[in-house]
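Here's protein-v8.pdb, which has PDB, C-alpha atoms and all ligand atoms:
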MODEL        1
ATOM      1  CA  MET A   1      -7.968   1.745   3.155
ATOM      2  CA  LYS A   2      -9.384  -1.299   1.448
ATOM      3  CA  PHE A   3      -7.888  -2.317  -1.893
ATOM      4  CA  PHE A   4     -10.221  -3.639  -4.562
ATOM      5  CA  LEU A   5      -9.055  -4.914  -7.940
ATOM      6  CA  ASP A   6     -10.811  -3.149 -10.802
ATOM      7  CA  THR A   7     -10.898  -6.029 -13.245
ATOM      8  CA  ALA A   8     -12.978  -8.979 -14.414
ATOM      9  CA  ASN A   9      -9.909 -10.869 -15.609
ATOM     10  CA  LEU A  10      -9.593 -14.150 -13.720
ATOM     11  CA  GLU A  11      -5.825 -14.470 -14.152
ATOM     12  CA  GLU A  12      -5.278 -10.983 -12.714
ATOM     13  CA  LEU A  13      -7.589 -11.822  -9.820
ATOM     14  CA  LYS A  14      -5.827 -15.107  -9.068
ATOM     15  CA  SER A  15      -2.452 -13.401  -9.212
ATOM     16  CA  GLY A  16      -3.642 -10.519  -6.987
ATOM     17  CA  ALA A  17      -5.200 -12.925  -4.487
ATOM     18  CA  ARG A  18      -1.795 -14.537  -3.885
ATOM     19  CA  TRP A  19      -0.472 -11.303  -2.340
ATOM     20  CA  GLY A  20      -3.085 -11.474   0.408
ATOM     21  CA  ILE A  21      -3.873  -7.747   0.218
ATOM     22  CA  ILE A  22      -6.967  -7.651  -1.985
ATOM     23  CA  ASP A  23     -10.220  -6.924  -0.160
ATOM     24  CA  GLY A  24     -12.665  -7.054  -3.045
ATOM     25  CA  VAL A  25     -13.354  -6.524  -6.739
ATOM     26  CA  THR A  26     -15.153  -3.984  -8.894
ATOM     27  CA  THR A  27     -16.390  -4.679 -12.392
ATOM     28  CA  ASN A  28     -18.394  -2.771 -14.951
ATOM     29  CA  PRO A  29     -20.028  -3.763 -18.256
ATOM     30  CA  SER A  30     -16.920  -2.734 -20.245
ATOM     31  CA  LEU A  31     -14.607  -4.878 -18.081
ATOM     32  CA  ILE A  32     -16.999  -7.859 -18.301
ATOM     33  CA  ALA A  33     -17.293  -7.454 -22.090
ATOM     34  CA  LYS A  34     -13.486  -7.601 -22.419
ATOM     35  CA  GLU A  35     -13.518 -11.101 -20.899
ATOM     36  CA  GLY A  36     -16.172 -12.413 -23.310
ATOM     37  CA  VAL A  37     -18.185 -14.268 -20.654
ATOM     38  CA  ALA A  38     -21.742 -13.276 -19.732
ATOM     39  CA  LEU A  39     -22.148 -11.146 -16.613
ATOM     40  CA  GLU A  40     -23.698 -13.614 -14.158
ATOM     41  CA  GLU A  41     -21.329 -16.453 -15.041
ATOM     42  CA  GLN A  42     -18.242 -14.226 -14.762
ATOM     43  CA  ILE A  43     -19.391 -12.822 -11.411
ATOM     44  CA  ARG A  44     -19.896 -16.392 -10.157
ATOM     45  CA  ARG A  45     -16.304 -17.234 -11.157
ATOM     46  CA  ILE A  46     -14.926 -14.069  -9.535
ATOM     47  CA  CYS A  47     -16.711 -14.898  -6.258
ATOM     48  CA  GLU A  48     -14.856 -18.223  -6.183
ATOM     49  CA  ILE A  49     -11.485 -16.468  -6.374
ATOM     50  CA  ILE A  50     -11.829 -13.442  -4.058
ATOM     51  CA  ASP A  51     -13.564 -13.554  -0.695
ATOM     52  CA  GLY A  52     -14.660  -9.923  -0.365
ATOM     53  CA  ASP A  53     -17.135  -7.423  -1.768
ATOM     54  CA  ILE A  54     -17.671  -8.040  -5.492
ATOM     55  CA  SER A  55     -19.382  -5.195  -7.360
ATOM     56  CA  ALA A  56     -21.546  -6.427 -10.245
ATOM     57  CA  GLU A  57     -23.104  -3.734 -12.400
ATOM     58  CA  VAL A  58     -26.568  -3.870 -13.903
ATOM     59  CA  VAL A  59     -26.754  -3.445 -17.673
ATOM     60  CA  ALA A  60     -29.892  -1.316 -17.745
ATOM     61  CA  VAL A  61     -31.079   2.291 -17.734
ATOM     62  CA  LYS A  62     -34.635   1.867 -16.403
ATOM     63  CA  ALA A  63     -35.211   1.421 -12.677
ATOM     64  CA  ASP A  64     -37.480  -1.611 -13.110
ATOM     65  CA  GLU A  65     -34.845  -3.459 -15.128
ATOM     66  CA  MET A  66     -32.136  -2.453 -12.628
ATOM     67  CA  LEU A  67     -34.254  -3.849  -9.813
ATOM     68  CA  GLU A  68     -34.856  -7.136 -11.587
ATOM     69  CA  GLN A  69     -31.196  -7.551 -12.581
ATOM     70  CA  GLY A  70     -29.967  -6.312  -9.196
ATOM     71  CA  ARG A  71     -32.016  -8.873  -7.284
ATOM     72  CA  ARG A  72     -30.750 -11.644  -9.592
ATOM     73  CA  LEU A  73     -27.127 -10.544  -9.196
ATOM     74  CA  ALA A  74     -27.480 -10.360  -5.405
ATOM     75  CA  ARG A  75     -28.673 -13.980  -5.364
ATOM     76  CA  ILE A  76     -25.429 -15.210  -6.996
ATOM     77  CA  HIS A  77     -23.363 -14.874  -3.800
ATOM     78  CA  LYS A  78     -23.558 -13.148  -0.422
ATOM     79  CA  ASN A  79     -20.536 -10.989  -1.341
ATOM     80  CA  VAL A  80     -22.150  -9.406  -4.391
ATOM     81  CA  VAL A  81     -22.704  -5.650  -4.204
ATOM     82  CA  VAL A  82     -25.093  -4.446  -6.919
ATOM     83  CA  LYS A  83     -23.746  -1.539  -8.924
ATOM     84  CA  VAL A  84     -26.115   1.025 -10.459
ATOM     85  CA  PRO A  85     -25.403   4.260 -12.327
ATOM     86  CA  LEU A  86     -25.926   7.654 -10.723
ATOM     87  CA  THR A  87     -29.075   8.592 -12.619
ATOM     88  CA  ARG A  88     -32.615   9.245 -11.429
ATOM     89  CA  ASP A  89     -33.501   5.645 -12.186
ATOM     90  CA  GLY A  90     -30.305   4.411 -10.532
ATOM     91  CA  ILE A  91     -30.966   6.344  -7.334
ATOM     92  CA  ARG A  92     -34.535   5.041  -7.230
ATOM     93  CA  ALA A  93     -33.231   1.478  -7.699
ATOM     94  CA  CYS A  94     -30.608   2.092  -5.000
ATOM     95  CA  SER A  95     -33.249   3.241  -2.490
ATOM     96  CA  ILE A  96     -35.432   0.196  -3.103
ATOM     97  CA  LEU A  97     -32.620  -2.377  -3.176
ATOM     98  CA  SER A  98     -31.075  -0.881  -0.029
ATOM     99  CA  GLN A  99     -34.404  -1.118   1.779
ATOM    100  CA  GLU A 100     -34.523  -4.782   0.762
ATOM    101  CA  GLY A 101     -31.138  -5.308   2.420
ATOM    102  CA  ILE A 102     -29.189  -5.538  -0.849
ATOM    103  CA  ARG A 103     -25.934  -3.590  -0.769
ATOM    104  CA  VAL A 104     -25.546  -1.069  -3.595
ATOM    105  CA  ASN A 105     -22.559   0.672  -5.176
ATOM    106  CA  VAL A 106     -23.633   3.858  -6.975
ATOM    107  CA  THR A 107     -21.214   4.416  -9.824
ATOM    108  CA  LEU A 108     -20.378   7.126 -12.370
ATOM    109  CA  CYS A 109     -20.333   9.803  -9.660
ATOM    110  CA  PHE A 110     -18.767  13.060 -10.827
ATOM    111  CA  SER A 111     -19.960  15.660  -8.295
ATOM    112  CA  ALA A 112     -20.441  16.119  -4.555
ATOM    113  CA  GLY A 113     -24.140  16.760  -5.125
ATOM    114  CA  GLN A 114     -24.476  13.376  -6.815
ATOM    115  CA  ALA A 115     -22.622  11.777  -3.900
ATOM    116  CA  LEU A 116     -25.144  13.311  -1.482
ATOM    117  CA  LEU A 117     -27.976  11.690  -3.459
ATOM    118  CA  ALA A 118     -26.249   8.289  -3.263
ATOM    119  CA  ALA A 119     -25.807   8.581   0.512
ATOM    120  CA  LYS A 120     -29.419   9.632   1.018
ATOM    121  CA  ALA A 121     -30.541   6.634  -1.060
ATOM    122  CA  GLY A 122     -28.696   4.340   1.376
ATOM    123  CA  ALA A 123     -25.819   3.362  -0.916
ATOM    124  CA  TYR A 124     -23.206   1.055   0.591
ATOM    125  CA  PHE A 125     -20.538   2.536  -1.702
ATOM    126  CA  VAL A 126     -20.366   5.612  -3.888
ATOM    127  CA  SER A 127     -17.834   5.475  -6.736
ATOM    128  CA  PRO A 128     -16.397   8.873  -7.764
ATOM    129  CA  PHE A 129     -14.249   8.570 -10.905
ATOM    130  CA  VAL A 130     -10.953  10.377 -10.367
ATOM    131  CA  GLY A 131      -9.156   9.713 -13.661
ATOM    132  CA  ARG A 132     -12.101  10.579 -15.879
ATOM    133  CA  LEU A 133     -12.423  13.991 -14.171
ATOM    134  CA  ASP A 134      -8.694  14.581 -14.665
ATOM    135  CA  ASP A 135      -9.209  13.623 -18.328
ATOM    136  CA  ILE A 136     -11.502  16.635 -18.836
ATOM    137  CA  GLY A 137      -9.201  19.061 -17.026
ATOM    138  CA  ALA A 138     -10.937  18.942 -13.626
ATOM    139  CA  ASN A 139      -9.276  17.757 -10.397
ATOM    140  CA  GLY A 140     -10.662  14.317  -9.575
ATOM    141  CA  MET A 141      -8.983  14.173  -6.172
ATOM    142  CA  ASP A 142     -10.749  17.364  -5.028
ATOM    143  CA  LEU A 143     -14.009  15.464  -5.454
ATOM    144  CA  ILE A 144     -12.806  12.641  -3.171
ATOM    145  CA  ARG A 145     -11.865  15.212  -0.509
ATOM    146  CA  GLU A 146     -15.248  16.976  -0.791
ATOM    147  CA  ILE A 147     -17.265  13.779  -0.504
ATOM    148  CA  VAL A 148     -15.252  12.468   2.457
ATOM    149  CA  GLN A 149     -15.799  15.783   4.262
ATOM    150  CA  ILE A 150     -19.521  15.964   3.499
ATOM    151  CA  TYR A 151     -20.132  12.371   4.587
ATOM    152  CA  ARG A 152     -18.207  13.006   7.820
ATOM    153  CA  ASN A 153     -20.230  16.169   8.516
ATOM    154  CA  TYR A 154     -23.449  14.174   8.532
ATOM    155  CA  GLY A 155     -22.260  10.748   9.679
ATOM    156  CA  PHE A 156     -23.411   9.028   6.478
ATOM    157  CA  ASN A 157     -22.531   5.325   6.441
ATOM    158  CA  THR A 158     -21.913   5.254   2.686
ATOM    159  CA  GLN A 159     -18.278   4.377   1.960
ATOM    160  CA  VAL A 160     -16.263   6.397  -0.540
ATOM    161  CA  LEU A 161     -14.830   4.047  -3.153
ATOM    162  CA  ALA A 162     -12.266   5.999  -5.168
ATOM    163  CA  ALA A 163     -12.516   4.682  -8.733
ATOM    164  CA  SER A 164     -10.835   5.337 -12.050
ATOM    165  CA  LEU A 165      -7.471   5.458 -10.248
ATOM    166  CA  ARG A 166      -4.824   5.354 -12.957
ATOM    167  CA  ASN A 167      -1.500   5.509 -11.090
ATOM    168  CA  THR A 168       0.167   5.111  -7.692
ATOM    169  CA  THR A 169      -0.051   8.845  -6.940
ATOM    170  CA  HIS A 170      -3.830   8.617  -7.306
ATOM    171  CA  VAL A 171      -3.857   5.782  -4.752
ATOM    172  CA  ILE A 172      -1.742   7.666  -2.218
ATOM    173  CA  GLU A 173      -3.734  10.894  -2.638
ATOM    174  CA  ALA A 174      -7.022   9.012  -2.254
ATOM    175  CA  ALA A 175      -5.688   7.423   0.947
ATOM    176  CA  LYS A 176      -4.618  10.853   2.257
ATOM    177  CA  ALA A 177      -8.093  12.180   1.481
ATOM    178  CA  GLY A 178      -9.618   9.408   3.592
ATOM    179  CA  ALA A 179     -11.311   7.308   0.897
ATOM    180  CA  HIS A 180     -12.524   4.085   2.501
ATOM    181  CA  VAL A 181     -11.674   2.030  -0.581
ATOM    182  CA  GLY A 182      -9.522   2.416  -3.662
ATOM    183  CA  THR A 183     -10.276   0.264  -6.665
ATOM    184  CA  LEU A 184      -7.132  -0.300  -8.694
ATOM    185  CA  PRO A 185      -6.342  -1.841 -12.065
ATOM    186  CA  TYR A 186      -3.936  -4.778 -11.631
ATOM    187  CA  LYS A 187      -1.006  -2.841 -13.082
ATOM    188  CA  VAL A 188      -1.440  -0.042 -10.513
ATOM    189  CA  VAL A 189      -1.374  -2.457  -7.551
ATOM    190  CA  ASP A 190       1.669  -4.103  -9.091
ATOM    191  CA  ALA A 191       3.411  -0.719  -9.438
ATOM    192  CA  LEU A 192       2.874   0.039  -5.735
ATOM    193  CA  PHE A 193       5.489  -2.615  -4.907
ATOM    194  CA  ASP A 194       8.301  -1.010  -6.829
ATOM    195  CA  HIS A 195      11.057   1.225  -5.505
ATOM    196  CA  PRO A 196      14.621   1.302  -6.881
ATOM    197  CA  LEU A 197      16.079   1.552  -3.351
ATOM    198  CA  THR A 198      14.255  -1.631  -2.336
ATOM    199  CA  ASP A 199      15.863  -3.500  -5.251
ATOM    200  CA  LYS A 200      19.272  -1.966  -4.599
ATOM    201  CA  GLY A 201      19.084  -2.640  -0.835
ATOM    202  CA  LEU A 202      18.027  -6.250  -1.303
ATOM    203  CA  ASP A 203      20.786  -6.848  -3.821
ATOM    204  CA  GLN A 204      23.327  -5.477  -1.341
ATOM    205  CA  PHE A 205      21.998  -7.593   1.559
ATOM    206  CA  MET A 206      22.281 -10.752  -0.525
ATOM    207  CA  LYS A 207      25.797  -9.941  -1.724
ATOM    208  CA  ASP A 208      27.099  -8.959   1.749
ATOM    209  CA  TYR A 209      25.774 -12.125   3.340
ATOM    210  CA  ALA A 210      27.093 -14.371   0.601
ATOM    211  CA  ARG A 211      30.523 -12.702   0.733
ATOM    212  CA  ALA A 212      30.799 -13.108   4.536
ATOM    213  CA  PHE A 213      29.838 -16.728   4.613
ATOM    214  CA  GLN A 214      30.702 -17.743   1.061
ATOM    215  CA  THR A 215      27.477 -19.550   0.864
ATOM    216  CA  THR A 216      24.301 -19.565  -1.130
ATOM    217  CA  SER A 217      20.795 -19.284   0.190
ATOM    218  CA  ALA A 218      20.490 -23.069  -0.205
ATOM    219  CA  ALA A 219      23.116 -23.526   2.562
ATOM    220  CA  ILE A 220      21.509 -21.130   5.133
TER     221      ILE A 220
HETATM  222  O1  LIG B   1     -13.638   1.897 -11.418
HETATM  223  C1  LIG B   1     -14.146   2.446 -12.586
HETATM  224  C2  LIG B   1     -13.156   2.227 -13.631
HETATM  225  O2  LIG B   1     -13.314   0.995 -14.202
HETATM  226  C3  LIG B   1     -13.082   3.295 -14.631
HETATM  227  O3  LIG B   1     -11.757   3.458 -14.869
HETATM  228  O4  LIG B   1      -9.814   4.110 -16.160
HETATM  229  O5  LIG B   1     -11.944   3.453 -17.325
HETATM  230  O6  LIG B   1     -11.768   5.618 -16.101
HETATM  231  P1  LIG B   1     -11.294   4.206 -16.202
ENDMDL
END

Do you think you could lay out the structure here as structure tokens?
Ligand code: G3P
Amino acid sequence: MKFFLDTANLEELKSGARWGIIDGVTTNPSLIAKEGVALEEQIRRICEIIDGDISAEVVAVKADEMLEQGRRLARIHKNVVVKVPLTRDGIRACSILSQEGIRVNVTLCFSAGQALLAAKAGAYFVSPFVGRLDDIGANGMDLIREIVQIYRNYGFNTQVLAASLRNTTHVIEAAKAGAHVGTLPYKVVDALFDHPLTDKGLDQFMKDYARAFQTTSAAI
């Protein structure tokens, strides 16, 4: 499973990059707006920090505008994946951009039927939103399982990018379901590291060694 960071914050990206486990980045207009830097400039900066797929979302509802913006975004860097919404216009833009060799992430996917449309339009990624389905009382993880199964049935190349993951259980369940990618807020990746028995075990190892040799790590 690839791990993407779901953020446009440069400090979070730099910090995540140091772990050596981040395969890419997803952004959306809300995340870009939070950083206060215009879309193209912020995407350029992100591409300098993370060497992996960087999803950059069009800010448009009409296919023609999506196409124009998508082509411009794709020219920023070879790693840019153009993100479009799962609407009629978005699917049309996805078909055209994909035929031009531009990789597309179809976002705001909330049903298996929508995911079928994205695959048929040649999407590189489809982004089903787990947390937002949970928010309305549905089961977001069921959607990941359905899409993975349907894509397998037909050998679609579109990768399932589990989005709107809010906690570590979401990440593990998405991995069990076979999602190709999980995009995680920084705090969720950070939480994956933690286990009380790891802390307790490490503390014990350090104490036992120091007691036996009455030394500090500086003297090892
Ligand atoms: O990956 C999509 C993500 O940014 C949406 O997450 O938590 O706003 O539903 P959330």

Which residues of chain A come within 7 Å of ligand LIG 1 (chain B), and for each one, what is the closest pair of atoms and their distance in Å to one decimal, counting all atoms listed in the file, sorted by chain and residue number, as JSON lines?
{"residue": "A:Asp6", "atom": "CA", "partner": "B:LIG1", "partner_atom": "O1", "distance": 5.8}
{"residue": "A:Thr26", "atom": "CA", "partner": "B:LIG1", "partner_atom": "O1", "distance": 6.6}
{"residue": "A:Thr27", "atom": "CA", "partner": "B:LIG1", "partner_atom": "O2", "distance": 6.7}
{"residue": "A:Asn28", "atom": "CA", "partner": "B:LIG1", "partner_atom": "O2", "distance": 6.4}
{"residue": "A:Phe129", "atom": "CA", "partner": "B:LIG1", "partner_atom": "C1", "distance": 6.4}
{"residue": "A:Gly131", "atom": "CA", "partner": "B:LIG1", "partner_atom": "O6", "distance": 5.4}
{"residue": "A:Arg132", "atom": "CA", "partner": "B:LIG1", "partner_atom": "O6", "distance": 5.0}
{"residue": "A:Ala163", "atom": "CA", "partner": "B:LIG1", "partner_atom": "O1", "distance": 4.0}
{"residue": "A:Ser164", "atom": "CA", "partner": "B:LIG1", "partner_atom": "O3", "distance": 3.5}
{"residue": "A:Leu165", "atom": "CA", "partner": "B:LIG1", "partner_atom": "O4", "distance": 6.5}
{"residue": "A:Arg166", "atom": "CA", "partner": "B:LIG1", "partner_atom": "O4", "distance": 6.1}
{"residue": "A:Thr183", "atom": "CA", "partner": "B:LIG1", "partner_atom": "O1", "distance": 6.0}

Would you translate the PyMOL selection byres (((chain A and resi 169-174) around 12) and not hetatm) into the concrete set of residues it matches in this file, as a PyMOL selection string? chain A and resi 1-4+128-131+134+139-148+160-168+175-185+188-189+191-192

Between A:Asn153, A:Gln159, A:Ser15, A:Gln214, smallest distance to A:Val106 by only C-alpha atoms belongs to A:Gln159

Between atom CA of A:Ile32 and atom CA of A:Gly52 lies a distance of 18.2 Å

Run the PyMOL selection byres (((chain A and resi 157) around 10) and not hetatm) against the file shown and list the residues it catches, as a count of residues only.
14

Completion step: stretch 178-189 of chain A with all heavy atoms as a compact mmCIF listing (two decimals), in the coordinates of the input:
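Wrote rebuild06.txt, looks like this:
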# COMPACT_ATOMS: atom_id res chain seq x y z
N GLY A 178 -8.74 10.17 2.70
CA GLY A 178 -9.62 9.41 3.59
C GLY A 178 -10.63 8.54 2.88
O GLY A 178 -11.62 8.12 3.50
N ALA A 179 -10.40 8.24 1.60
CA ALA A 179 -11.31 7.31 0.90
C ALA A 179 -11.30 5.96 1.63
O ALA A 179 -10.23 5.49 2.04
CB ALA A 179 -10.86 7.12 -0.55
N HIS A 180 -12.46 5.36 1.79
CA HIS A 180 -12.52 4.08 2.50
C HIS A 180 -11.92 2.95 1.67
O HIS A 180 -11.36 2.01 2.20
CB HIS A 180 -13.98 3.72 2.82
CG HIS A 180 -14.68 4.76 3.62
ND1 HIS A 180 -15.32 5.84 3.05
CD2 HIS A 180 -14.83 4.90 4.95
CE1 HIS A 180 -15.84 6.59 4.01
NE2 HIS A 180 -15.55 6.06 5.17
N VAL A 181 -12.10 3.07 0.35
CA VAL A 181 -11.67 2.03 -0.58
C VAL A 181 -11.03 2.69 -1.80
O VAL A 181 -11.47 3.76 -2.22
CB VAL A 181 -12.90 1.21 -1.09
CG1 VAL A 181 -12.44 0.03 -1.93
CG2 VAL A 181 -13.79 0.76 0.04
N GLY A 182 -10.02 2.02 -2.35
CA GLY A 182 -9.52 2.42 -3.66
C GLY A 182 -9.66 1.21 -4.56
O GLY A 182 -9.29 0.09 -4.15
N THR A 183 -10.24 1.39 -5.74
CA THR A 183 -10.28 0.26 -6.66
C THR A 183 -9.24 0.50 -7.74
O THR A 183 -9.19 1.56 -8.37
CB THR A 183 -11.68 -0.02 -7.22
OG1 THR A 183 -11.62 -1.27 -7.92
CG2 THR A 183 -12.23 1.07 -8.14
N LEU A 184 -8.35 -0.49 -7.90
CA LEU A 184 -7.13 -0.30 -8.69
C LEU A 184 -7.05 -1.32 -9.82
O LEU A 184 -7.27 -2.51 -9.58
CB LEU A 184 -5.89 -0.53 -7.80
CG LEU A 184 -5.46 0.52 -6.79
CD1 LEU A 184 -6.54 0.87 -5.80
CD2 LEU A 184 -4.25 -0.02 -6.04
N PRO A 185 -6.69 -0.87 -11.03
CA PRO A 185 -6.34 -1.84 -12.06
C PRO A 185 -5.14 -2.66 -11.57
O PRO A 185 -4.33 -2.18 -10.77
CB PRO A 185 -5.93 -0.98 -13.26
CG PRO A 185 -6.49 0.38 -12.99
CD PRO A 185 -6.54 0.52 -11.50
N TYR A 186 -5.02 -3.89 -12.07
CA TYR A 186 -3.94 -4.78 -11.63
C TYR A 186 -2.57 -4.10 -11.74
O TYR A 186 -1.75 -4.17 -10.83
CB TYR A 186 -3.97 -6.07 -12.46
CG TYR A 186 -2.89 -7.04 -12.08
CD1 TYR A 186 -3.10 -7.96 -11.06
CD2 TYR A 186 -1.65 -7.02 -12.72
CE1 TYR A 186 -2.10 -8.84 -10.69
CE2 TYR A 186 -0.65 -7.89 -12.35
CZ TYR A 186 -0.88 -8.80 -11.34
OH TYR A 186 0.12 -9.66 -10.96
N LYS A 187 -2.35 -3.41 -12.87
CA LYS A 187 -1.01 -2.84 -13.08
C LYS A 187 -0.68 -1.73 -12.06
O LYS A 187 0.48 -1.49 -11.75
CB LYS A 187 -0.82 -2.36 -14.52
CG LYS A 187 -1.63 -1.17 -14.95
CD LYS A 187 -1.15 -0.75 -16.34
CE LYS A 187 -1.61 0.59 -16.82
NZ LYS A 187 -2.93 1.05 -16.78
N VAL A 188 -1.69 -1.09 -11.52
CA VAL A 188 -1.44 -0.04 -10.51
C VAL A 188 -1.08 -0.67 -9.17
O VAL A 188 -0.17 -0.21 -8.48
CB VAL A 188 -2.65 0.93 -10.40
CG1 VAL A 188 -2.44 1.93 -9.28
CG2 VAL A 188 -2.88 1.65 -11.73
N VAL A 189 -1.77 -1.76 -8.80
CA VAL A 189 -1.37 -2.46 -7.55
C VAL A 189 0.06 -2.95 -7.70
O VAL A 189 0.89 -2.77 -6.81
CB VAL A 189 -2.27 -3.70 -7.26
CG1 VAL A 189 -1.93 -4.26 -5.88
CG2 VAL A 189 -3.73 -3.35 -7.32
